[in-house]
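Source file data.cif; content: mmCIF, C-alpha atoms, pLDDT in the B column; chains and numbers go by the auth columns.
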data_work
#
loop_
_atom_site.group_PDB
_atom_site.id
_atom_site.type_symbol
_atom_site.label_atom_id
_atom_site.label_comp_id
_atom_site.label_asym_id
_atom_site.label_seq_id
_atom_site.Cartn_x
_atom_site.Cartn_y
_atom_site.Cartn_z
_atom_site.B_iso_or_equiv
_atom_site.auth_seq_id
_atom_site.auth_asym_id
ATOM 1 C CA GLY A 1 30.660 -10.032 -14.091 82.00 1 A
ATOM 2 C CA THR A 2 29.695 -13.675 -14.613 92.00 2 A
ATOM 3 C CA ILE A 3 26.000 -13.115 -13.943 95.00 3 A
ATOM 4 C CA ILE A 4 25.890 -10.230 -16.427 95.00 4 A
ATOM 5 C CA THR A 5 27.700 -12.362 -19.023 96.00 5 A
ATOM 6 C CA LEU A 6 25.221 -15.230 -18.595 97.00 6 A
ATOM 7 C CA LEU A 7 22.246 -12.864 -18.792 97.00 7 A
ATOM 8 C CA HIS A 8 23.709 -11.269 -21.911 96.00 8 A
ATOM 9 C CA ALA A 9 24.104 -14.705 -23.528 97.00 9 A
ATOM 10 C CA TYR A 10 20.455 -15.444 -22.722 97.00 10 A
ATOM 11 C CA GLU A 11 19.299 -12.082 -24.082 97.00 11 A
ATOM 12 C CA GLU A 12 21.227 -12.593 -27.317 97.00 12 A
ATOM 13 C CA ASN A 13 19.848 -16.083 -27.964 96.00 13 A
ATOM 14 C CA PRO A 14 17.131 -17.161 -25.524 95.00 14 A
ATOM 15 C CA SER A 15 16.155 -20.212 -27.556 95.00 15 A
ATOM 16 C CA ALA A 16 19.604 -21.729 -26.920 96.00 16 A
ATOM 17 C CA PHE A 17 18.728 -22.141 -23.248 96.00 17 A
ATOM 18 C CA THR A 18 16.158 -24.795 -22.523 96.00 18 A
ATOM 19 C CA ASP A 19 14.419 -26.094 -19.408 96.00 19 A
ATOM 20 C CA ASP A 20 15.878 -29.602 -19.449 95.00 20 A
ATOM 21 C CA TYR A 21 19.411 -29.550 -18.020 94.00 21 A
ATOM 22 C CA ASN A 22 18.494 -31.998 -15.271 93.00 22 A
ATOM 23 C CA ILE A 23 18.631 -29.540 -12.371 92.00 23 A
ATOM 24 C CA PRO A 24 15.990 -29.548 -9.607 91.00 24 A
ATOM 25 C CA GLU A 25 14.098 -26.716 -11.370 93.00 25 A
ATOM 26 C CA SER A 26 14.042 -28.422 -14.793 94.00 26 A
ATOM 27 C CA GLY A 27 10.556 -28.634 -16.238 95.00 27 A
ATOM 28 C CA ASN A 28 9.217 -25.541 -14.461 96.00 28 A
ATOM 29 C CA GLY A 29 8.752 -23.597 -17.705 95.00 29 A
ATOM 30 C CA ILE A 30 11.702 -21.296 -17.022 97.00 30 A
ATOM 31 C CA PRO A 31 14.998 -21.821 -18.865 96.00 31 A
ATOM 32 C CA ASP A 32 17.402 -23.572 -16.506 97.00 32 A
ATOM 33 C CA LEU A 33 20.016 -20.869 -17.089 97.00 33 A
ATOM 34 C CA LEU A 34 17.638 -18.299 -15.592 98.00 34 A
ATOM 35 C CA ASP A 35 16.905 -20.614 -12.647 96.00 35 A
ATOM 36 C CA GLU A 36 20.630 -20.984 -11.942 95.00 36 A
ATOM 37 C CA VAL A 37 21.364 -17.277 -12.364 97.00 37 A
ATOM 38 C CA LYS A 38 18.471 -16.447 -10.023 97.00 38 A
ATOM 39 C CA TYR A 39 20.018 -18.734 -7.399 93.00 39 A
ATOM 40 C CA SER A 40 23.228 -16.687 -7.623 93.00 40 A
ATOM 41 C CA ILE A 41 21.391 -13.362 -7.567 97.00 41 A
ATOM 42 C CA ASP A 42 19.469 -14.473 -4.471 96.00 42 A
ATOM 43 C CA TRP A 43 22.839 -14.910 -2.748 91.00 43 A
ATOM 44 C CA VAL A 44 23.971 -11.399 -3.781 94.00 44 A
ATOM 45 C CA VAL A 45 20.662 -10.022 -2.485 97.00 45 A
ATOM 46 C CA ARG A 46 21.617 -11.411 0.937 94.00 46 A
ATOM 47 C CA MET A 47 24.889 -9.466 0.735 94.00 47 A
ATOM 48 C CA GLN A 48 23.013 -6.132 0.452 98.00 48 A
ATOM 49 C CA ASN A 49 22.556 -4.065 3.586 98.00 49 A
ATOM 50 C CA GLU A 50 19.397 -2.093 4.334 98.00 50 A
ATOM 51 C CA ASP A 51 21.130 1.156 3.287 98.00 51 A
ATOM 52 C CA GLY A 52 21.796 -0.262 -0.198 98.00 52 A
ATOM 53 C CA SER A 53 25.493 -1.030 0.265 98.00 53 A
ATOM 54 C CA LEU A 54 26.941 -4.425 -0.639 97.00 54 A
ATOM 55 C CA LEU A 55 29.407 -6.451 1.384 93.00 55 A
ATOM 56 C CA CYS A 56 32.567 -6.925 -0.636 88.00 56 A
ATOM 57 C CA ILE A 57 33.598 -10.488 0.137 79.00 57 A
ATOM 58 C CA LEU A 58 32.475 -13.631 1.855 75.00 58 A
ATOM 59 C CA GLY A 59 34.714 -16.361 3.137 75.00 59 A
ATOM 60 C CA SER A 60 32.591 -19.345 4.048 73.00 60 A
ATOM 61 C CA GLY A 61 33.210 -22.770 5.385 71.00 61 A
ATOM 62 C CA GLY A 62 33.101 -25.470 2.754 74.00 62 A
ATOM 63 C CA ALA A 63 30.572 -28.279 2.653 76.00 63 A
ATOM 64 C CA SER A 64 28.366 -30.023 0.193 79.00 64 A
ATOM 65 C CA PRO A 65 25.657 -28.901 0.116 77.00 65 A
ATOM 66 C CA PRO A 66 26.752 -25.429 1.285 71.00 66 A
ATOM 67 C CA SER A 67 23.948 -25.397 3.874 76.00 67 A
ATOM 68 C CA ALA A 68 25.775 -28.224 5.695 83.00 68 A
ATOM 69 C CA ALA A 69 28.782 -25.997 6.513 81.00 69 A
ATOM 70 C CA THR A 70 29.405 -25.745 10.250 85.00 70 A
ATOM 71 C CA THR A 71 32.504 -23.517 10.284 81.00 71 A
ATOM 72 C CA PRO A 72 32.136 -19.734 10.570 79.00 72 A
ATOM 73 C CA SER A 73 31.609 -17.449 7.597 77.00 73 A
ATOM 74 C CA TYR A 74 33.446 -14.122 7.428 76.00 74 A
ATOM 75 C CA TYR A 75 32.194 -11.040 5.628 82.00 75 A
ATOM 76 C CA GLY A 76 34.116 -8.046 4.354 83.00 76 A
ATOM 77 C CA PRO A 77 32.644 -4.572 4.809 90.00 77 A
ATOM 78 C CA PRO A 78 30.548 -2.751 2.225 95.00 78 A
ATOM 79 C CA THR A 79 32.529 -1.060 -0.533 95.00 79 A
ATOM 80 C CA THR A 80 31.846 1.347 -3.352 96.00 80 A
ATOM 81 C CA ASN A 81 32.863 -1.103 -6.059 94.00 81 A
ATOM 82 C CA ALA A 82 30.873 -4.032 -4.673 95.00 82 A
ATOM 83 C CA SER A 83 27.816 -1.777 -4.509 97.00 83 A
ATOM 84 C CA LEU A 84 28.305 -0.504 -8.074 97.00 84 A
ATOM 85 C CA MET A 85 28.809 -4.005 -9.445 96.00 85 A
ATOM 86 C CA ALA A 86 25.639 -5.145 -7.705 97.00 86 A
ATOM 87 C CA ALA A 87 23.735 -2.112 -9.018 98.00 87 A
ATOM 88 C CA ALA A 88 24.711 -3.093 -12.565 97.00 88 A
ATOM 89 C CA MET A 89 23.817 -6.749 -12.045 98.00 89 A
ATOM 90 C CA PHE A 90 20.507 -6.009 -10.316 98.00 90 A
ATOM 91 C CA ALA A 91 19.479 -3.509 -13.021 98.00 91 A
ATOM 92 C CA TYR A 92 20.296 -5.813 -15.927 98.00 92 A
ATOM 93 C CA ALA A 93 18.712 -8.817 -14.229 98.00 93 A
ATOM 94 C CA SER A 94 15.597 -6.718 -13.610 98.00 94 A
ATOM 95 C CA LYS A 95 15.298 -6.183 -17.347 97.00 95 A
ATOM 96 C CA ILE A 96 15.716 -9.865 -18.216 98.00 96 A
ATOM 97 C CA TYR A 97 13.449 -11.297 -15.506 98.00 97 A
ATOM 98 C CA GLY A 98 10.900 -8.501 -15.927 97.00 98 A
ATOM 99 C CA ALA A 99 10.433 -9.487 -19.573 97.00 99 A
ATOM 100 C CA ARG A 100 9.285 -12.974 -18.540 97.00 100 A
ATOM 101 C CA SER A 101 5.563 -13.755 -18.252 97.00 101 A
ATOM 102 C CA GLU A 102 5.746 -15.449 -14.825 97.00 102 A
ATOM 103 C CA ALA A 103 4.295 -13.247 -12.070 97.00 103 A
ATOM 104 C CA SER A 104 6.941 -14.432 -9.587 97.00 104 A
ATOM 105 C CA LEU A 105 9.734 -13.312 -11.922 98.00 105 A
ATOM 106 C CA LYS A 106 8.068 -9.932 -12.487 98.00 106 A
ATOM 107 C CA THR A 107 7.968 -9.481 -8.696 98.00 107 A
ATOM 108 C CA PHE A 108 11.625 -10.537 -8.519 98.00 108 A
ATOM 109 C CA ALA A 109 12.471 -8.007 -11.264 98.00 109 A
ATOM 110 C CA ASN A 110 10.722 -5.175 -9.408 98.00 110 A
ATOM 111 C CA ASP A 111 12.639 -5.998 -6.237 98.00 111 A
ATOM 112 C CA LEU A 112 15.920 -5.998 -8.180 98.00 112 A
ATOM 113 C CA LYS A 113 15.081 -2.611 -9.688 98.00 113 A
ATOM 114 C CA ALA A 114 14.658 -1.107 -6.218 98.00 114 A
ATOM 115 C CA ARG A 115 17.864 -2.791 -5.037 98.00 115 A
ATOM 116 C CA ALA A 116 19.820 -1.478 -8.028 98.00 116 A
ATOM 117 C CA ILE A 117 18.773 2.091 -7.301 98.00 117 A
ATOM 118 C CA LYS A 118 19.593 1.744 -3.582 98.00 118 A
ATOM 119 C CA ALA A 119 23.042 0.307 -4.379 98.00 119 A
ATOM 120 C CA TRP A 120 23.760 3.112 -6.854 98.00 120 A
ATOM 121 C CA ASN A 121 22.629 5.776 -4.372 98.00 121 A
ATOM 122 C CA TRP A 122 24.820 4.351 -1.614 98.00 122 A
ATOM 123 C CA ALA A 123 27.839 4.191 -3.923 97.00 123 A
ATOM 124 C CA ALA A 124 27.214 7.756 -5.128 97.00 124 A
ATOM 125 C CA ALA A 125 27.125 8.967 -1.514 98.00 125 A
ATOM 126 C CA ASN A 126 30.211 6.868 -0.628 97.00 126 A
ATOM 127 C CA PRO A 127 32.448 7.050 -3.729 96.00 127 A
ATOM 128 C CA ASN A 128 35.747 5.981 -2.186 93.00 128 A
ATOM 129 C CA VAL A 129 35.008 3.183 0.277 94.00 129 A
ATOM 130 C CA ILE A 130 37.573 0.461 -0.367 89.00 130 A
ATOM 131 C CA TYR A 131 38.686 -2.745 1.287 82.00 131 A
ATOM 132 C CA HIS A 132 41.838 -4.619 0.331 79.00 132 A
ATOM 133 C CA ASN A 133 41.337 -8.214 1.400 80.00 133 A
ATOM 134 C CA ASN A 134 44.530 -10.169 2.208 75.00 134 A
ATOM 135 C CA ASP A 135 46.749 -7.093 1.895 74.00 135 A
ATOM 136 C CA ASP A 136 48.151 -6.090 5.273 75.00 136 A
ATOM 137 C CA GLN A 137 50.151 -3.231 3.718 78.00 137 A
ATOM 138 C CA LYS A 138 46.991 -1.536 2.469 79.00 138 A
ATOM 139 C CA GLN A 139 44.441 -2.985 4.917 76.00 139 A
ATOM 140 C CA PRO A 140 45.955 -4.169 8.219 77.00 140 A
ATOM 141 C CA GLY A 141 44.170 -7.183 9.645 73.00 141 A
ATOM 142 C CA SER A 142 42.435 -8.077 6.391 72.00 142 A
ATOM 143 C CA GLY A 143 43.736 -11.621 6.058 72.00 143 A
ATOM 144 C CA GLY A 144 41.577 -14.695 6.178 67.00 144 A
ATOM 145 C CA LEU A 145 38.208 -13.477 4.925 71.00 145 A
ATOM 146 C CA GLY A 146 38.463 -15.144 1.556 70.00 146 A
ATOM 147 C CA ALA A 147 40.814 -15.770 -1.329 72.00 147 A
ATOM 148 C CA GLY A 148 42.487 -12.986 -3.261 71.00 148 A
ATOM 149 C CA ASN A 149 41.866 -9.258 -3.198 70.00 149 A
ATOM 150 C CA GLN A 150 38.657 -8.151 -4.908 78.00 150 A
ATOM 151 C CA GLU A 151 39.357 -4.412 -4.700 81.00 151 A
ATOM 152 C CA VAL A 152 39.940 -2.398 -7.875 87.00 152 A
ATOM 153 C CA ASP A 153 41.681 0.910 -8.594 87.00 153 A
ATOM 154 C CA ASP A 154 40.026 4.224 -9.521 87.00 154 A
ATOM 155 C CA ALA A 155 39.709 3.186 -13.179 89.00 155 A
ATOM 156 C CA GLY A 156 38.032 -0.069 -12.124 89.00 156 A
ATOM 157 C CA ARG A 157 35.522 1.801 -9.951 93.00 157 A
ATOM 158 C CA LEU A 158 34.813 4.192 -12.834 94.00 158 A
ATOM 159 C CA PHE A 159 34.160 1.231 -15.137 93.00 159 A
ATOM 160 C CA SER A 160 31.802 -0.321 -12.570 95.00 160 A
ATOM 161 C CA LYS A 161 29.946 2.979 -12.207 96.00 161 A
ATOM 162 C CA PHE A 162 29.724 3.393 -15.983 96.00 162 A
ATOM 163 C CA GLN A 163 28.321 -0.123 -16.393 96.00 163 A
ATOM 164 C CA ALA A 164 25.816 0.450 -13.590 97.00 164 A
ATOM 165 C CA ALA A 165 24.772 3.784 -15.120 97.00 165 A
ATOM 166 C CA THR A 166 24.119 2.229 -18.527 96.00 166 A
ATOM 167 C CA PHE A 167 21.938 -0.556 -17.095 97.00 167 A
ATOM 168 C CA LEU A 168 20.162 1.834 -14.726 98.00 168 A
ATOM 169 C CA PHE A 169 19.410 4.224 -17.593 97.00 169 A
ATOM 170 C CA GLU A 170 18.038 1.366 -19.683 95.00 170 A
ATOM 171 C CA MET A 171 15.927 0.252 -16.714 95.00 171 A
ATOM 172 C CA THR A 172 14.614 3.676 -15.637 96.00 172 A
ATOM 173 C CA GLY A 173 15.101 6.099 -18.537 96.00 173 A
ATOM 174 C CA GLU A 174 16.358 8.671 -16.006 96.00 174 A
ATOM 175 C CA ASP A 175 18.648 11.292 -17.505 96.00 175 A
ATOM 176 C CA SER A 176 21.062 11.369 -14.557 96.00 176 A
ATOM 177 C CA TYR A 177 22.331 7.896 -15.445 97.00 177 A
ATOM 178 C CA LYS A 178 22.549 8.760 -19.137 96.00 178 A
ATOM 179 C CA SER A 179 24.443 11.966 -18.354 96.00 179 A
ATOM 180 C CA PHE A 180 26.985 10.076 -16.268 94.00 180 A
ATOM 181 C CA ALA A 181 27.549 7.514 -19.027 94.00 181 A
ATOM 182 C CA GLU A 182 27.833 10.161 -21.739 94.00 182 A
ATOM 183 C CA SER A 183 30.261 12.198 -19.645 94.00 183 A
ATOM 184 C CA ASN A 184 32.543 9.247 -18.926 91.00 184 A
ATOM 185 C CA TRP A 185 32.490 6.841 -21.903 90.00 185 A
ATOM 186 C CA ASN A 186 35.690 8.339 -23.317 89.00 186 A
ATOM 187 C CA LYS A 187 37.492 7.758 -20.013 87.00 187 A
ATOM 188 C CA ILE A 188 36.388 4.126 -20.043 83.00 188 A
ATOM 189 C CA LEU A 189 37.592 3.533 -23.601 78.00 189 A
ATOM 190 C CA GLY A 190 40.847 5.326 -22.869 67.00 190 A
ATOM 191 C CA SER A 191 41.539 3.233 -19.788 54.00 191 A
ATOM 192 C CA GLY A 192 41.077 -0.117 -21.484 55.00 192 A
ATOM 193 C CA GLY A 193 38.469 -1.191 -18.916 51.00 193 A
ATOM 194 C CA PRO A 194 38.769 -2.445 -15.344 53.00 194 A
ATOM 195 C CA THR A 195 41.950 -3.717 -13.756 48.00 195 A
#
Representation of the structure as structure tokens:
Amino acid sequence: GTIITLLHAYEENPSAFTDDYNIPESGNGIPDLLDEVKYSIDWVVRMQNEDGSLLCILGSGGASPPSAATTPSYYGPPTTNASLMAAAMFAYASKIYGARSEASLKTFANDLKARAIKAWNWAAANPNVIYHNNDDQKQPGSGGLGAGNQEVDDAGRLFSKFQAATFLFEMTGEDSYKSFAESNWNKILGSGGPT
């Protein structure tokens, strides 16, 4: 959600985002917003399994910088919604970074494109894999991985799939994504979005 929002803000008005926000990457010719978003995407990339699925939650030990943490990190299992959300983010980020002139960002964009398709394919093959963090009534033994419960209901998963399909269609031009979006847009509008 947040990464897509930041990328959308950049796409709408790229000149508003400069390369001088006093971060370590400032002055590298890439808007600092894109440097920061890439840092976050790199973390999500590490949450993707070889089969395309995405782990749903991470609870990590706190430290500053994060690399100094010495306590264990705990990961939730892959889920349909986490994979769909990542597919959407990877596809949209592929568009934004692929439009840049830097060869390294074009390579990054191509990798994200492949990851988006793998995440979508895994979610399509596993449409109902859920994990309710911190909810022993729905998921016994799920406490302690991280804060809150990231799982969504059926309408939330449909919204995630719709969003992924729209970005994947824009990225690939493949009719299967367009068909899914066209067949489900009225359900998304009727539901009022994710919950």
- Identify, on the basis of only C-alpha atoms, every residue whose closest approach to Gly76 (chain A) does not exceed 7 Å; exclude the query and any residue fewer than 6 positions from it along the same chain; express the result as JSON, numbers by chain. {"A": [55, 56, 57, 58, 145]}
- Item | Pick from A:Gln48, A:Ser60, A:Tyr10, A:Asp32 nearest to Ser73 (chain A), counting all atoms listed in the file | A:Ser60
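Closest approach to Gly173 (chain A) among A:Ala91, A:Asp42, A:Tyr74, A:Gly61: A:Ala91, based on all atoms listed in the file.
Atom to atom, CA of Gly62 (chain A) and CA of Val44 (chain A) stand 18.0 Å apart.
Compared by their closest atoms to Asn81 (chain A), and using all atoms listed in the file, the residues A:Ala103, A:Leu54, A:Val37, A:Ala109 rank with A:Leu54 nearest.
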- Residue list as a PyMOL selection string for point (29.4, 1.5, -1.9), cut-off 9 Å, only C-alpha atoms: chain A and resi 52-55+78-84+119-130
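Atom to atom, CA of Trp185 (chain A) and CA of Tyr92 (chain A) stand 18.6 Å apart.
The closest residue to Gly156 (chain A), picked from A:Ile188, A:Ile4, A:Met89, A:Ala116 and counting only C-alpha atoms, is A:Ile188.
The smallest atom-to-atom distance between Thr172 (chain A) and any of A:Glu12, A:Ile117, A:Thr71, A:Gly143, using all atoms listed in the file, is found for A:Ile117.
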- Once the PyMOL selection byres ((chain A and resi 166) around 12) has been applied to the shown file, what residues remain in the selection, as an MDAnalysis selection string? chainID A and resid 84:85 87:89 91:92 116 120 159:165 167:185
Selection from above, C-alpha atoms, as a PDB file, in the coordinates of the input, can you write it?
ATOM      1  CA  LEU A  84      28.305  -0.504  -8.074  1.00 97.00           C
ATOM      2  CA  MET A  85      28.809  -4.005  -9.445  1.00 96.00           C
ATOM      3  CA  ALA A  87      23.735  -2.112  -9.018  1.00 98.00           C
ATOM      4  CA  ALA A  88      24.711  -3.093 -12.565  1.00 97.00           C
ATOM      5  CA  MET A  89      23.817  -6.749 -12.045  1.00 98.00           C
ATOM      6  CA  ALA A  91      19.479  -3.509 -13.021  1.00 98.00           C
ATOM      7  CA  TYR A  92      20.296  -5.813 -15.927  1.00 98.00           C
ATOM      8  CA  ALA A 116      19.820  -1.478  -8.028  1.00 98.00           C
ATOM      9  CA  TRP A 120      23.760   3.112  -6.854  1.00 98.00           C
ATOM     10  CA  PHE A 159      34.160   1.231 -15.137  1.00 93.00           C
ATOM     11  CA  SER A 160      31.802  -0.321 -12.570  1.00 95.00           C
ATOM     12  CA  LYS A 161      29.946   2.979 -12.207  1.00 96.00           C
ATOM     13  CA  PHE A 162      29.724   3.393 -15.983  1.00 96.00           C
ATOM     14  CA  GLN A 163      28.321  -0.123 -16.393  1.00 96.00           C
ATOM     15  CA  ALA A 164      25.816   0.450 -13.590  1.00 97.00           C
ATOM     16  CA  ALA A 165      24.772   3.784 -15.120  1.00 97.00           C
ATOM     17  CA  PHE A 167      21.938  -0.556 -17.095  1.00 97.00           C
ATOM     18  CA  LEU A 168      20.162   1.834 -14.726  1.00 98.00           C
ATOM     19  CA  PHE A 169      19.410   4.224 -17.593  1.00 97.00           C
ATOM     20  CA  GLU A 170      18.038   1.366 -19.683  1.00 95.00           C
ATOM     21  CA  MET A 171      15.927   0.252 -16.714  1.00 95.00           C
ATOM     22  CA  THR A 172      14.614   3.676 -15.637  1.00 96.00           C
ATOM     23  CA  GLY A 173      15.101   6.099 -18.537  1.00 96.00           C
ATOM     24  CA  GLU A 174      16.358   8.671 -16.006  1.00 96.00           C
ATOM     25  CA  ASP A 175      18.648  11.292 -17.505  1.00 96.00           C
ATOM     26  CA  SER A 176      21.062  11.369 -14.557  1.00 96.00           C
ATOM     27  CA  TYR A 177      22.331   7.896 -15.445  1.00 97.00           C
ATOM     28  CA  LYS A 178      22.549   8.760 -19.137  1.00 96.00           C
ATOM     29  CA  SER A 179      24.443  11.966 -18.354  1.00 96.00           C
ATOM     30  CA  PHE A 180      26.985  10.076 -16.268  1.00 94.00           C
ATOM     31  CA  ALA A 181      27.549   7.514 -19.027  1.00 94.00           C
ATOM     32  CA  GLU A 182      27.833  10.161 -21.739  1.00 94.00           C
ATOM     33  CA  SER A 183      30.261  12.198 -19.645  1.00 94.00           C
ATOM     34  CA  ASN A 184      32.543   9.247 -18.926  1.00 91.00           C
ATOM     35  CA  TRP A 185      32.490   6.841 -21.903  1.00 90.00           C
TER      36      TRP A 185
END
- Task: Tell me which residues the PyMOL selection byres ((chain A and resi 7) around 12) grabs here, as a ChimeraX atom specification.
- Result: /A:1-6,8-14,17,31-38,40-41,88-97
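CA of Pro77 (chain A) is positioned 14.6 Å from CA of Asp135 (chain A).
Between Gly59 (chain A) and the residues A:Leu105, A:Tyr75, A:Trp43, A:Glu151, the shortest atom-to-atom distance, using all atoms listed in the file, involves A:Tyr75.
Taken over the shown file, the PyMOL selection byres ((chain A and resi 20) around 12) identifies A:Ala16, A:Phe17, A:Thr18, A:Asp19, A:Tyr21, A:Asn22, A:Ile23, A:Pro24, A:Glu25, A:Ser26, A:Gly27, A:Asn28, A:Gly29, A:Ile30, A:Pro31, A:Asp32, A:Leu33, A:Asp35.
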